[in-house]
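**Q** Mind having a look at this structure? Questions to follow.
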Amino acid sequence: MSADAVVVKDLVKEYRIYPGSFARLKEALSFGRTKCHTAFRALDGVSFSIPHGRALGIIGENGAGKSTLLKVLAGTTLPTSGSYALHGSVASLLELGTGFHSEFTGRDNIFLAAQVLGFSLKEVKARVDEIVAFAELGAYIDQPVRTYSSGMVMRLGFAVATAIDPDVLIIDEILAVGDLYFQKKCVDRIFSFRNGGKSILFCSHSLYDVRQICDEVIWIRDGKVAMHGTPADVTVAYANYERALSADSTRLAMGHEMLTGPGRPTLQGIRLLKETHQGLQPLEDSIVPGVDVVVEMDFQLPTSSQPVHLGLGIFRNDNILVISLFSHLAGVEAVLDRGSYRCRLRMPGFPLCGGEYHVVGYLIDETFVHAYDTRTIDRPLLVSNPENLPGMLACQHEFQIQRRDAAPCTSPTSP
Amino acid sequence: MHPLRDAFRLPLVMVRYRELLSAFVRRELRARVEGSLLGRIWPVVHPAVIFGIYHLVFARLLKIEFQDVLAPHGPEGVGWRSTFYLITGILPWTVLAESLARGSGVVLENANLIKKIAFPSELLPIYTVVVNHVYFLIGYSLLLLLEGIVNGGLPGALVWLPALLLVQFVFISGLAMFLSAANIFVRDVAQLVPVAVTFWMFTTPVFYDLGAVQLNLEHAQAAAQSALAALPPGAPELPGAQEVLDAATDAVSDMAAVNAVMRWNPMATLLDLHRSIFTYGQVPFDPGRLLRLGLVGLFVQLLAYAFFLRSKGRFADEV
């Protein structure tokens, strides 16, 4: 047996788009001499591999090629070029409830759907009770499926599809199924697959689920693997990308009116540093939450008539202002005298979780309404998310747990 | 993959997936009657009523006695000849018509399965043909029952029935398989099928008496020939002589056309073979004809399955 459960190499899938059925006929009748279609590359040279017992997450925008990839791997469509190999038995959950006939009872449908999925009749008979129990449909199991709610169909579908014990499980965006109670059962079952040493391909828009379930993640963009790495890195990079797309402009502002004209104070430089035992050092491009960050700003006052306060804004890359800090609010006197200055702003235990942030410095006048100058650090600050925390902030915290009831007695109480 | 070579593997595929195939067949059989009051009795009631109607209309009301040599010649068969002729034609014809009508659309109808699950999609056209053979067998049992009642026995040529059904299955499933795949790429196929089947029906002696047609043509031909013989020498110059000559030529070419259609139409051959079973040897069952029809069916089946295998990889993209 090879070391990898799934090996995908240079996979290309091209769809032919025809302007109409007549063009299709014309092309078919010309035996390749006329080309009437335009080709659309849904997958453009995708390569990756999954070792046995690992879970690979697939994320990406709608239309990026995720579902096409899963369809090729599930064997429902052929790739245009490239190769793929799956070792061991494969079960694909591309859609739940496929193969159900609405006139038949849930129990009847278990048999047909499971057989379409590749079970033998013997296997279905052996597992039908287990499937019925997992779906938890009660007396409805012997009612026609047309009387089911959509959630009940999904539950039955999931129960059937996962009753098989595959070596490789392909799952496409199905955890948004049924109520929360059933979702938990589904996630538990997926976890038990993972812990049972099965390989999983998991495609989802829920970055949280992907982070919880997967060992590795690939990000598909325009049919290509844009990134392949740990769930923390890839999901953060993808979330950053998504947010940058949704940002309406690149204007990062806190609402100050910009003053223009000659002779005003200027912000000459702004940089990020970190505090270490060896003193201040330049900050890496990517940091983890909780490091001690120092922002250094160099500014100059050409005259003594313009008092200056300092401001700092940290924007997430979808232009949401996350942190704003002002020297006057911190009780620091305005800088009055003409000359060059350096300001160090210490932020111990940087509180932001995974994301991409823009850091902007401001020189503000004594009314706090106008800004003399502003400067953005060229490179965005990348904060990784090693703990896979779903929130935005990592605040200082402490958990304390105490009993509220009386401690259980081990000895019998005397009357 | 070599579609033409793999096309020989259909029996293996059917054996390997026999459980799934039978699950599909049972689902289809049940789905048609599910929820109805008579339920599983319908497949029996249906042909019985049809047989009754044909007997009533043709034998009792119209009192038509079919002329064809293949009209059954059972010892007590008089009065039932038309009925048996019609039933022995309708049963296999219904298998063809229903299999092609349902089969041409069956892959498209199951787009959901095709797109989401990797499974042998060739089972889809196959199961529709199997289902129609189940109905055929129910109808055929009624026919045998009727034959037993009317004639007090069954024809010995019935031993050929299994071979005949095999050939019928191979031929019809080949057509259904080709149409089901073709319909994915050109959706007009499913629309064209009923039209084509109707046309085909009128070139096959299902509902009409081929013997009567041939008799009419023979009469016309004989009349024209005797008129021709009655013409005096130097006749071509006489008025009306040209018309007589034309009529004679027409009659001969019509006869040739009818015979050619019956000879080259596999369904006409199939119906002839079915009907010859009930002639009690007056028209002996022709194993040579069965073999030729079998070869035609095998040829159709192999080409159709090769086409199906070549195109099934694109089904999920096209449905």
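In the structure tokens, each chain is lettered A, B, ... as it comes, each chain's residues begin at 1, and ligands are numbered from 1 in order of appearance.
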Sort by chain and increasing residue number a table of all residues of chain B within 8 Å of chain A, each with its closest pair of atoms and their distance in Å to one decimal, counting only C-alpha atoms, and write it as a Markdown table.
**A**
| residue | atom | partner | partner_atom | distance |
| --- | --- | --- | --- | --- |
| B:Glu19 | CA | A:Leu121 | CA | 6.6 |
| B:Leu20 | CA | A:Gln115 | CA | 5.8 |
| B:Ala23 | CA | A:Leu112 | CA | 6.1 |
| B:Phe24 | CA | A:Leu112 | CA | 7.4 |
| B:Ala31 | CA | A:Glu103 | CA | 7.0 |
| B:Glu34 | CA | A:Glu103 | CA | 7.0 |
| B:Asn112 | CA | A:Thr98 | CA | 6.5 |
| B:Leu113 | CA | A:Thr98 | CA | 6.2 |
| B:Ile114 | CA | A:Thr76 | CA | 6.7 |
| B:Lys115 | CA | A:Thr76 | CA | 5.8 |
| B:Lys116 | CA | A:Leu94 | CA | 5.8 |
| B:Ile117 | CA | A:Thr76 | CA | 5.9 |
| B:Ala118 | CA | A:Thr76 | CA | 4.8 |
| B:Phe119 | CA | A:Val116 | CA | 6.6 |
| B:Phe185 | CA | A:Arg24 | CA | 7.9 |
| B:Val186 | CA | A:Ser21 | CA | 7.2 |
| B:Gly313 | CA | A:Leu78 | CA | 5.5 |
| B:Arg314 | CA | A:Thr77 | CA | 6.5 |
| B:Phe315 | CA | A:Thr77 | CA | 7.6 |
| B:Ala316 | CA | A:Thr77 | CA | 5.6 |
| B:Asp317 | CA | A:Thr77 | CA | 6.8 |
**Q** With N, CA and C atoms retained, could you export that selection as a short mmCIF file (atom, residue, chain, number, x, y, z; two decimals), in the first residue's frame?
**A**
data_model
loop_
_atom_site.label_atom_id
_atom_site.label_comp_id
_atom_site.auth_asym_id
_atom_site.auth_seq_id
_atom_site.Cartn_x
_atom_site.Cartn_y
_atom_site.Cartn_z
N GLU B 19 -27.59 -7.33 -7.78
CA GLU B 19 -28.42 -6.89 -6.65
C GLU B 19 -28.94 -5.47 -6.87
N LEU B 20 -28.03 -4.60 -7.35
CA LEU B 20 -28.45 -3.22 -7.60
C LEU B 20 -29.47 -3.18 -8.73
N ALA B 23 -32.67 -4.23 -7.46
CA ALA B 23 -33.23 -3.18 -6.60
C ALA B 23 -33.89 -2.11 -7.46
N PHE B 24 -33.22 -1.73 -8.56
CA PHE B 24 -33.79 -0.75 -9.48
C PHE B 24 -35.10 -1.28 -10.08
N ALA B 31 -42.95 1.41 -7.83
CA ALA B 31 -43.28 2.84 -7.96
C ALA B 31 -44.51 3.03 -8.82
N GLU B 34 -47.45 1.94 -6.46
CA GLU B 34 -47.46 2.38 -5.07
C GLU B 34 -48.59 3.37 -4.82
N ASN B 112 -29.50 13.37 -11.03
CA ASN B 112 -29.06 13.52 -9.65
C ASN B 112 -28.08 12.43 -9.25
N LEU B 113 -28.42 11.20 -9.63
CA LEU B 113 -27.52 10.08 -9.33
C LEU B 113 -26.23 10.20 -10.13
N ILE B 114 -26.40 10.52 -11.42
CA ILE B 114 -25.24 10.59 -12.32
C ILE B 114 -24.22 11.60 -11.82
N LYS B 115 -24.74 12.73 -11.33
CA LYS B 115 -23.84 13.80 -10.92
C LYS B 115 -23.17 13.52 -9.58
N LYS B 116 -23.88 12.83 -8.72
CA LYS B 116 -23.39 12.75 -7.34
C LYS B 116 -22.74 11.44 -6.97
N ILE B 117 -23.05 10.39 -7.68
CA ILE B 117 -22.57 9.08 -7.25
C ILE B 117 -21.94 8.36 -8.42
N ALA B 118 -20.78 7.78 -8.17
CA ALA B 118 -20.15 6.97 -9.21
C ALA B 118 -20.76 5.58 -9.15
N PHE B 119 -21.57 5.23 -10.11
CA PHE B 119 -22.15 3.89 -10.15
C PHE B 119 -22.33 3.52 -11.61
N PHE B 185 -26.76 14.17 -25.10
CA PHE B 185 -26.09 15.18 -25.91
C PHE B 185 -27.06 15.92 -26.82
N VAL B 186 -28.05 15.23 -27.31
CA VAL B 186 -29.07 15.86 -28.14
C VAL B 186 -30.43 15.55 -27.51
N GLY B 313 -18.48 9.08 -19.43
CA GLY B 313 -17.62 9.99 -18.66
C GLY B 313 -18.06 11.44 -18.76
N ARG B 314 -18.82 11.75 -19.80
CA ARG B 314 -19.25 13.14 -19.98
C ARG B 314 -20.67 13.37 -19.48
N PHE B 315 -21.34 12.30 -19.06
CA PHE B 315 -22.73 12.45 -18.60
C PHE B 315 -22.86 13.52 -17.52
N ALA B 316 -21.99 13.39 -16.50
CA ALA B 316 -22.13 14.28 -15.34
C ALA B 316 -21.93 15.74 -15.75
N ASP B 317 -21.15 15.98 -16.83
CA ASP B 317 -20.93 17.35 -17.27
C ASP B 317 -22.09 17.87 -18.09
#
**Q** Would you mind writing down, as a PDB file with C-alpha atoms, in the first residue's frame, each residue of segment 37-198 of chain A that DSSP on the backbone assigns to helix (DSSP H, G or I)?
**A**
ATOM      1  CA  LYS A  66     -13.842  22.822  -5.128  1.00  0.00           C
ATOM      2  CA  SER A  67     -16.915  20.865  -6.101  1.00  0.00           C
ATOM      3  CA  THR A  68     -15.433  19.977  -9.475  1.00  0.00           C
ATOM      4  CA  LEU A  69     -12.391  18.602  -7.694  1.00  0.00           C
ATOM      5  CA  LEU A  70     -14.549  16.490  -5.388  1.00  0.00           C
ATOM      6  CA  LYS A  71     -16.657  15.264  -8.310  1.00  0.00           C
ATOM      7  CA  VAL A  72     -13.552  14.110 -10.151  1.00  0.00           C
ATOM      8  CA  LEU A  73     -12.252  12.344  -7.059  1.00  0.00           C
ATOM      9  CA  ALA A  74     -15.651  10.767  -6.388  1.00  0.00           C
ATOM     10  CA  GLY A 106     -37.449   5.599   4.704  1.00  0.00           C
ATOM     11  CA  ARG A 107     -36.592   1.958   5.389  1.00  0.00           C
ATOM     12  CA  ASP A 108     -37.099   0.978   1.722  1.00  0.00           C
ATOM     13  CA  ASN A 109     -34.980   3.890   0.623  1.00  0.00           C
ATOM     14  CA  ILE A 110     -32.134   2.836   2.874  1.00  0.00           C
ATOM     15  CA  PHE A 111     -31.836  -0.326   0.822  1.00  0.00           C
ATOM     16  CA  LEU A 112     -31.816   1.267  -2.600  1.00  0.00           C
ATOM     17  CA  ALA A 113     -29.671   4.280  -1.683  1.00  0.00           C
ATOM     18  CA  ALA A 114     -27.112   2.117   0.083  1.00  0.00           C
ATOM     19  CA  GLN A 115     -26.950  -0.262  -2.865  1.00  0.00           C
ATOM     20  CA  VAL A 116     -26.425   2.627  -5.267  1.00  0.00           C
ATOM     21  CA  LEU A 121     -27.562  -6.460  -0.086  1.00  0.00           C
ATOM     22  CA  LYS A 122     -25.993  -8.463   2.738  1.00  0.00           C
ATOM     23  CA  GLU A 123     -24.126  -5.443   4.033  1.00  0.00           C
ATOM     24  CA  VAL A 124     -27.241  -3.298   4.005  1.00  0.00           C
ATOM     25  CA  LYS A 125     -29.217  -5.929   5.871  1.00  0.00           C
ATOM     26  CA  ALA A 126     -26.466  -6.113   8.467  1.00  0.00           C
ATOM     27  CA  ARG A 127     -26.461  -2.373   8.975  1.00  0.00           C
ATOM     28  CA  VAL A 128     -30.022  -1.302   8.488  1.00  0.00           C
ATOM     29  CA  ASP A 129     -30.791  -1.186  12.221  1.00  0.00           C
ATOM     30  CA  GLU A 130     -27.709   0.888  12.875  1.00  0.00           C
ATOM     31  CA  ILE A 131     -28.727   3.316  10.103  1.00  0.00           C
ATOM     32  CA  VAL A 132     -32.278   3.596  11.424  1.00  0.00           C
ATOM     33  CA  ALA A 133     -30.960   4.237  14.910  1.00  0.00           C
ATOM     34  CA  PHE A 134     -28.551   6.927  13.744  1.00  0.00           C
ATOM     35  CA  ALA A 135     -31.143   8.788  11.681  1.00  0.00           C
ATOM     36  CA  GLY A 138     -38.811   7.342  15.062  1.00  0.00           C
ATOM     37  CA  ALA A 139     -41.983   5.975  13.516  1.00  0.00           C
ATOM     38  CA  TYR A 140     -41.377   8.069  10.398  1.00  0.00           C
ATOM     39  CA  ILE A 141     -38.873   5.495   9.185  1.00  0.00           C
ATOM     40  CA  ASP A 142     -41.823   3.450   7.891  1.00  0.00           C
ATOM     41  CA  VAL A 145     -40.103   9.928   2.275  1.00  0.00           C
ATOM     42  CA  ARG A 146     -42.410  12.527   0.733  1.00  0.00           C
ATOM     43  CA  THR A 147     -43.826  13.116   4.224  1.00  0.00           C
ATOM     44  CA  SER A 150     -35.909  18.373   4.328  1.00  0.00           C
ATOM     45  CA  GLY A 151     -33.910  18.004   7.526  1.00  0.00           C
ATOM     46  CA  MET A 152     -35.212  14.464   8.009  1.00  0.00           C
ATOM     47  CA  VAL A 153     -34.213  13.533   4.449  1.00  0.00           C
ATOM     48  CA  MET A 154     -30.735  14.866   5.139  1.00  0.00           C
ATOM     49  CA  ARG A 155     -30.485  12.908   8.377  1.00  0.00           C
ATOM     50  CA  LEU A 156     -31.433   9.694   6.678  1.00  0.00           C
ATOM     51  CA  GLY A 157     -29.040  10.503   3.832  1.00  0.00           C
ATOM     52  CA  PHE A 158     -26.152  11.111   6.185  1.00  0.00           C
ATOM     53  CA  ALA A 159     -26.916   7.964   8.145  1.00  0.00           C
ATOM     54  CA  VAL A 160     -26.908   5.864   4.969  1.00  0.00           C
ATOM     55  CA  ALA A 161     -23.847   7.430   3.421  1.00  0.00           C
ATOM     56  CA  THR A 162     -21.657   7.135   6.497  1.00  0.00           C
ATOM     57  CA  ALA A 163     -22.779   3.647   7.466  1.00  0.00           C
ATOM     58  CA  LEU A 180     -27.682  21.650  15.817  1.00  0.00           C
ATOM     59  CA  TYR A 181     -28.156  18.366  17.646  1.00  0.00           C
ATOM     60  CA  PHE A 182     -27.829  16.412  14.430  1.00  0.00           C
ATOM     61  CA  GLN A 183     -24.946  18.560  13.230  1.00  0.00           C
ATOM     62  CA  LYS A 184     -23.100  17.554  16.357  1.00  0.00           C
ATOM     63  CA  LYS A 185     -23.788  13.891  15.626  1.00  0.00           C
ATOM     64  CA  CYS A 186     -22.433  14.377  12.119  1.00  0.00           C
ATOM     65  CA  VAL A 187     -19.290  16.091  13.345  1.00  0.00           C
ATOM     66  CA  ASP A 188     -18.820  13.368  15.963  1.00  0.00           C
ATOM     67  CA  ARG A 189     -19.083  10.723  13.274  1.00  0.00           C
ATOM     68  CA  ILE A 190     -16.591  12.534  11.075  1.00  0.00           C
ATOM     69  CA  PHE A 191     -14.239  12.783  14.043  1.00  0.00           C
ATOM     70  CA  SER A 192     -14.615   9.087  14.734  1.00  0.00           C
ATOM     71  CA  PHE A 193     -13.706   8.409  11.096  1.00  0.00           C
ATOM     72  CA  ARG A 194     -10.654  10.579  11.501  1.00  0.00           C
ATOM     73  CA  ASN A 195      -9.651   8.946  14.751  1.00  0.00           C
TER      74      ASN A 195
END
**Q** In segment 155-290 of chain A, what's strand (DSSP E or B) per DSSP? Answer as a ChimeraX atom specification?
**A** /A:168-172,199-203,216-221,224-229,257-258,266-276,279-282,286-287
**Q** For Asp68 of chain B, please output as a list in words all residues within 12 Å (counting only C-alpha atoms; exclusion window: fewer than 2 positions along the same chain).
**A**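 Result of the neighbour search: Ile64, Glu65, Phe66, Leu70, Ala71, Pro72, His73, Arg81, Ser82, Phe84, Tyr85, Leu86, Pro205, Val206, Tyr208, Asp209, Leu210, Gly211, Ala212, Val213, Gln214, Leu215, Asn216, Asp272, Arg275, Ser276, Thr279, Gln282 and Val283 of chain B.
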**Q** Could you write those residues out with N, CA, C and O atoms, as an mmCIF file, in the first residue's frame?
**A**
data_model
loop_
_atom_site.group_PDB
_atom_site.id
_atom_site.type_symbol
_atom_site.label_atom_id
_atom_site.label_comp_id
_atom_site.auth_asym_id
_atom_site.auth_seq_id
_atom_site.Cartn_x
_atom_site.Cartn_y
_atom_site.Cartn_z
ATOM 1 N N ILE B 64 -63.662 -10.027 -37.690
ATOM 2 C CA ILE B 64 -62.581 -10.115 -38.675
ATOM 3 C C ILE B 64 -61.790 -11.390 -38.433
ATOM 4 O O ILE B 64 -61.385 -11.681 -37.307
ATOM 5 N N GLU B 65 -61.602 -12.192 -39.469
ATOM 6 C CA GLU B 65 -60.766 -13.384 -39.362
ATOM 7 C C GLU B 65 -59.483 -13.090 -40.121
ATOM 8 O O GLU B 65 -59.516 -12.855 -41.338
ATOM 9 N N PHE B 66 -58.350 -12.987 -39.374
ATOM 10 C CA PHE B 66 -57.105 -12.596 -40.025
ATOM 11 C C PHE B 66 -56.648 -13.663 -41.009
ATOM 12 O O PHE B 66 -56.789 -14.858 -40.764
ATOM 13 N N LEU B 70 -49.516 -16.589 -40.339
ATOM 14 C CA LEU B 70 -49.037 -16.662 -38.970
ATOM 15 C C LEU B 70 -50.150 -16.490 -37.949
ATOM 16 O O LEU B 70 -49.904 -16.580 -36.757
ATOM 17 N N ALA B 71 -51.374 -16.249 -38.439
ATOM 18 C CA ALA B 71 -52.479 -16.211 -37.491
ATOM 19 C C ALA B 71 -52.619 -17.613 -36.920
ATOM 20 O O ALA B 71 -52.556 -18.597 -37.655
ATOM 21 N N PRO B 72 -52.769 -17.726 -35.590
ATOM 22 C CA PRO B 72 -52.680 -19.041 -34.945
ATOM 23 C C PRO B 72 -53.664 -20.046 -35.524
ATOM 24 O O PRO B 72 -54.785 -19.718 -35.890
ATOM 25 N N HIS B 73 -53.176 -21.269 -35.590
ATOM 26 C CA HIS B 73 -53.980 -22.344 -36.158
ATOM 27 C C HIS B 73 -54.225 -23.434 -35.134
ATOM 28 O O HIS B 73 -54.197 -24.606 -35.446
ATOM 29 N N ARG B 81 -58.508 -16.461 -33.843
ATOM 30 C CA ARG B 81 -57.300 -16.219 -34.644
ATOM 31 C C ARG B 81 -56.850 -14.768 -34.573
ATOM 32 O O ARG B 81 -55.688 -14.472 -34.325
ATOM 33 N N SER B 82 -57.800 -13.838 -34.799
ATOM 34 C CA SER B 82 -57.446 -12.415 -34.786
ATOM 35 C C SER B 82 -56.913 -12.024 -33.421
ATOM 36 O O SER B 82 -55.902 -11.314 -33.309
ATOM 37 N N PHE B 84 -55.460 -13.843 -31.059
ATOM 38 C CA PHE B 84 -54.105 -14.331 -30.798
ATOM 39 C C PHE B 84 -53.070 -13.633 -31.669
ATOM 40 O O PHE B 84 -51.964 -13.333 -31.221
ATOM 41 N N TYR B 85 -53.435 -13.372 -32.897
ATOM 42 C CA TYR B 85 -52.511 -12.665 -33.797
ATOM 43 C C TYR B 85 -52.151 -11.317 -33.197
ATOM 44 O O TYR B 85 -50.978 -10.928 -33.152
ATOM 45 N N LEU B 86 -53.185 -10.603 -32.713
ATOM 46 C CA LEU B 86 -52.953 -9.272 -32.143
ATOM 47 C C LEU B 86 -52.126 -9.354 -30.857
ATOM 48 O O LEU B 86 -51.148 -8.625 -30.687
ATOM 49 N N PRO B 205 -46.143 -5.521 -38.902
ATOM 50 C CA PRO B 205 -47.525 -6.006 -38.781
ATOM 51 C C PRO B 205 -47.906 -6.287 -37.327
ATOM 52 O O PRO B 205 -47.960 -7.436 -36.916
ATOM 53 N N VAL B 206 -48.136 -5.194 -36.558
ATOM 54 C CA VAL B 206 -48.556 -5.373 -35.171
ATOM 55 C C VAL B 206 -50.077 -5.447 -35.112
ATOM 56 O O VAL B 206 -50.658 -6.421 -34.647
ATOM 57 N N TYR B 208 -52.160 -4.806 -37.870
ATOM 58 C CA TYR B 208 -52.866 -5.108 -39.122
ATOM 59 C C TYR B 208 -52.498 -6.498 -39.623
ATOM 60 O O TYR B 208 -51.492 -7.080 -39.213
ATOM 61 N N ASP B 209 -53.326 -6.975 -40.527
ATOM 62 C CA ASP B 209 -53.217 -8.334 -41.024
ATOM 63 C C ASP B 209 -52.305 -8.340 -42.236
ATOM 64 O O ASP B 209 -52.715 -7.960 -43.342
ATOM 65 N N LEU B 210 -51.055 -8.726 -42.019
ATOM 66 C CA LEU B 210 -50.101 -8.706 -43.126
ATOM 67 C C LEU B 210 -50.580 -9.631 -44.249
ATOM 68 O O LEU B 210 -50.429 -9.331 -45.431
ATOM 69 N N GLY B 211 -51.200 -10.743 -43.879
ATOM 70 C CA GLY B 211 -51.702 -11.688 -44.885
ATOM 71 C C GLY B 211 -52.691 -11.010 -45.823
ATOM 72 O O GLY B 211 -52.628 -11.187 -47.040
ATOM 73 N N ALA B 212 -53.592 -10.191 -45.236
ATOM 74 C CA ALA B 212 -54.575 -9.496 -46.065
ATOM 75 C C ALA B 212 -53.899 -8.514 -47.004
ATOM 76 O O ALA B 212 -54.267 -8.385 -48.173
ATOM 77 N N VAL B 213 -52.881 -7.807 -46.497
ATOM 78 C CA VAL B 213 -52.156 -6.848 -47.333
ATOM 79 C C VAL B 213 -51.524 -7.576 -48.512
ATOM 80 O O VAL B 213 -51.648 -7.165 -49.671
ATOM 81 N N GLN B 214 -50.852 -8.696 -48.183
ATOM 82 C CA GLN B 214 -50.166 -9.433 -49.245
ATOM 83 C C GLN B 214 -51.158 -10.006 -50.255
ATOM 84 O O GLN B 214 -50.927 -9.981 -51.457
ATOM 85 N N LEU B 215 -52.306 -10.450 -49.730
ATOM 86 C CA LEU B 215 -53.337 -10.995 -50.602
ATOM 87 C C LEU B 215 -53.838 -9.939 -51.576
ATOM 88 O O LEU B 215 -53.972 -10.186 -52.780
ATOM 89 N N ASN B 216 -54.079 -8.739 -51.052
ATOM 90 C CA ASN B 216 -54.534 -7.634 -51.902
ATOM 91 C C ASN B 216 -53.539 -7.346 -53.007
ATOM 92 O O ASN B 216 -53.905 -7.166 -54.168
ATOM 93 N N ASP B 272 -42.817 -12.296 -36.277
ATOM 94 C CA ASP B 272 -43.031 -13.552 -37.013
ATOM 95 C C ASP B 272 -42.643 -14.747 -36.158
ATOM 96 O O ASP B 272 -43.366 -15.742 -36.084
ATOM 97 N N ARG B 275 -45.089 -15.339 -33.419
ATOM 98 C CA ARG B 275 -46.375 -15.858 -33.893
ATOM 99 C C ARG B 275 -46.264 -17.285 -34.393
ATOM 100 O O ARG B 275 -47.215 -18.068 -34.271
ATOM 101 N N SER B 276 -45.078 -17.620 -34.937
ATOM 102 C CA SER B 276 -44.962 -18.963 -35.505
ATOM 103 C C SER B 276 -45.056 -20.025 -34.415
ATOM 104 O O SER B 276 -45.403 -21.177 -34.689
ATOM 105 N N THR B 279 -48.583 -21.416 -34.304
ATOM 106 C CA THR B 279 -49.222 -21.979 -35.501
ATOM 107 C C THR B 279 -49.204 -23.497 -35.472
ATOM 108 O O THR B 279 -49.627 -24.136 -36.433
ATOM 109 N N GLN B 282 -47.665 -25.238 -38.500
ATOM 110 C CA GLN B 282 -48.080 -24.890 -39.871
ATOM 111 C C GLN B 282 -47.054 -23.953 -40.498
ATOM 112 O O GLN B 282 -46.740 -24.065 -41.672
ATOM 113 N N VAL B 283 -46.552 -23.006 -39.695
ATOM 114 C CA VAL B 283 -45.365 -22.257 -40.092
ATOM 115 C C VAL B 283 -44.312 -22.625 -39.056
ATOM 116 O O VAL B 283 -44.376 -22.152 -37.927
#
**Q** Calculate how many Å separate atom CA of Ile50 of chain A from atom CA of Ser204 of chain A, rounding to one decimal.
**A**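 So the two atoms, atom CA of Ile50 of chain A and atom CA of Ser204 of chain A, lie 17.2 Å apart.
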**Q** For Glu333 of chain A, list every protein, DNA or RNA residue within 10 Å, evaluated using only C-alpha atoms, and leave out those in the same chain fewer than 3 positions away; present the list as a PyMOL selection string.
**A** chain A and resi 307-309+327-330+336
**Q** The selected residues should be written to file as a compact mmCIF listing (two decimals), in the first residue's frame (atoms: C-alpha atoms).
**A**
# COMPACT_ATOMS: atom_id res chain seq x y z
CA PRO A 307 0.80 71.54 18.90
CA VAL A 308 0.81 67.87 17.90
CA HIS A 309 -0.85 64.80 19.35
CA SER A 327 -1.72 60.28 22.98
CA HIS A 328 -4.04 62.91 24.42
CA LEU A 329 -6.39 60.24 25.75
CA ALA A 330 -3.39 58.54 27.35
CA LEU A 336 4.83 72.00 20.97
**Q** Residues at most 12 Å from Ser206 of chain A, counting only C-alpha atoms, excluding those fewer than 5 positions away in the same chain, as a short mmCIF file (atom, residue, chain, number, x, y, z; two decimals) with N, CA, C and O atoms, in the first residue's frame?
**A**
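Result saved to result23.cif:
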data_model
loop_
_atom_site.label_atom_id
_atom_site.label_comp_id
_atom_site.auth_asym_id
_atom_site.auth_seq_id
_atom_site.Cartn_x
_atom_site.Cartn_y
_atom_site.Cartn_z
N GLY A 57 -8.62 19.66 4.27
CA GLY A 57 -9.72 20.60 4.05
C GLY A 57 -9.54 21.30 2.73
O GLY A 57 -8.42 21.53 2.28
N ILE A 58 -10.65 21.59 2.07
CA ILE A 58 -10.60 22.34 0.82
C ILE A 58 -11.46 23.57 0.98
O ILE A 58 -12.66 23.47 1.27
N ILE A 59 -10.85 24.73 0.84
CA ILE A 59 -11.63 25.96 0.94
C ILE A 59 -11.45 26.78 -0.33
O ILE A 59 -10.54 26.52 -1.13
N GLY A 60 -12.30 27.74 -0.52
CA GLY A 60 -12.23 28.60 -1.70
C GLY A 60 -13.59 29.22 -1.93
O GLY A 60 -14.59 28.80 -1.35
N GLU A 61 -13.58 30.23 -2.82
CA GLU A 61 -14.84 30.91 -3.09
C GLU A 61 -15.78 30.02 -3.89
O GLU A 61 -15.35 29.00 -4.44
N ASP A 172 -18.71 17.01 0.91
CA ASP A 172 -18.88 18.33 0.31
C ASP A 172 -19.95 19.11 1.05
O ASP A 172 -21.13 18.89 0.83
N GLU A 173 -19.53 20.00 1.91
CA GLU A 173 -20.42 21.02 2.46
C GLU A 173 -21.75 20.44 2.93
O GLU A 173 -22.81 20.75 2.44
N ILE A 174 -21.69 19.53 3.89
CA ILE A 174 -22.95 18.94 4.31
C ILE A 174 -23.21 19.11 5.78
O ILE A 174 -24.21 18.65 6.29
N LEU A 175 -22.29 19.79 6.46
CA LEU A 175 -22.51 19.89 7.90
C LEU A 175 -23.57 20.92 8.24
O LEU A 175 -24.04 20.98 9.37
N ALA A 176 -23.95 21.71 7.25
CA ALA A 176 -25.01 22.68 7.49
C ALA A 176 -26.36 21.98 7.36
O ALA A 176 -27.29 22.47 6.76
N ARG A 211 -11.02 24.15 10.38
CA ARG A 211 -9.92 24.18 11.35
C ARG A 211 -10.05 23.06 12.37
O ARG A 211 -9.07 22.48 12.81
N GLN A 212 -11.29 22.75 12.77
CA GLN A 212 -11.48 21.73 13.79
C GLN A 212 -11.21 20.33 13.27
O GLN A 212 -10.69 19.49 13.98
N ILE A 213 -11.55 20.08 12.01
CA ILE A 213 -11.53 18.71 11.51
C ILE A 213 -10.23 18.37 10.79
O ILE A 213 -9.77 17.24 10.86
N CYS A 214 -9.64 19.36 10.12
CA CYS A 214 -8.58 19.01 9.17
C CYS A 214 -7.18 19.13 9.73
O CYS A 214 -6.92 19.92 10.64
N THR A 235 -6.43 29.09 6.56
CA THR A 235 -7.73 29.72 6.80
C THR A 235 -7.57 31.21 7.08
O THR A 235 -8.39 32.02 6.64
N TYR A 238 -6.91 32.88 3.79
CA TYR A 238 -8.13 32.92 2.99
C TYR A 238 -9.10 33.97 3.53
O TYR A 238 -9.69 34.73 2.76
N ALA A 239 -9.23 34.01 4.85
CA ALA A 239 -10.13 35.01 5.45
C ALA A 239 -9.64 36.42 5.12
O ALA A 239 -10.43 37.31 4.80
N PRO A 390 -11.69 31.16 16.82
CA PRO A 390 -12.55 31.77 15.82
C PRO A 390 -12.78 33.27 15.99
O PRO A 390 -13.18 33.92 15.06
#
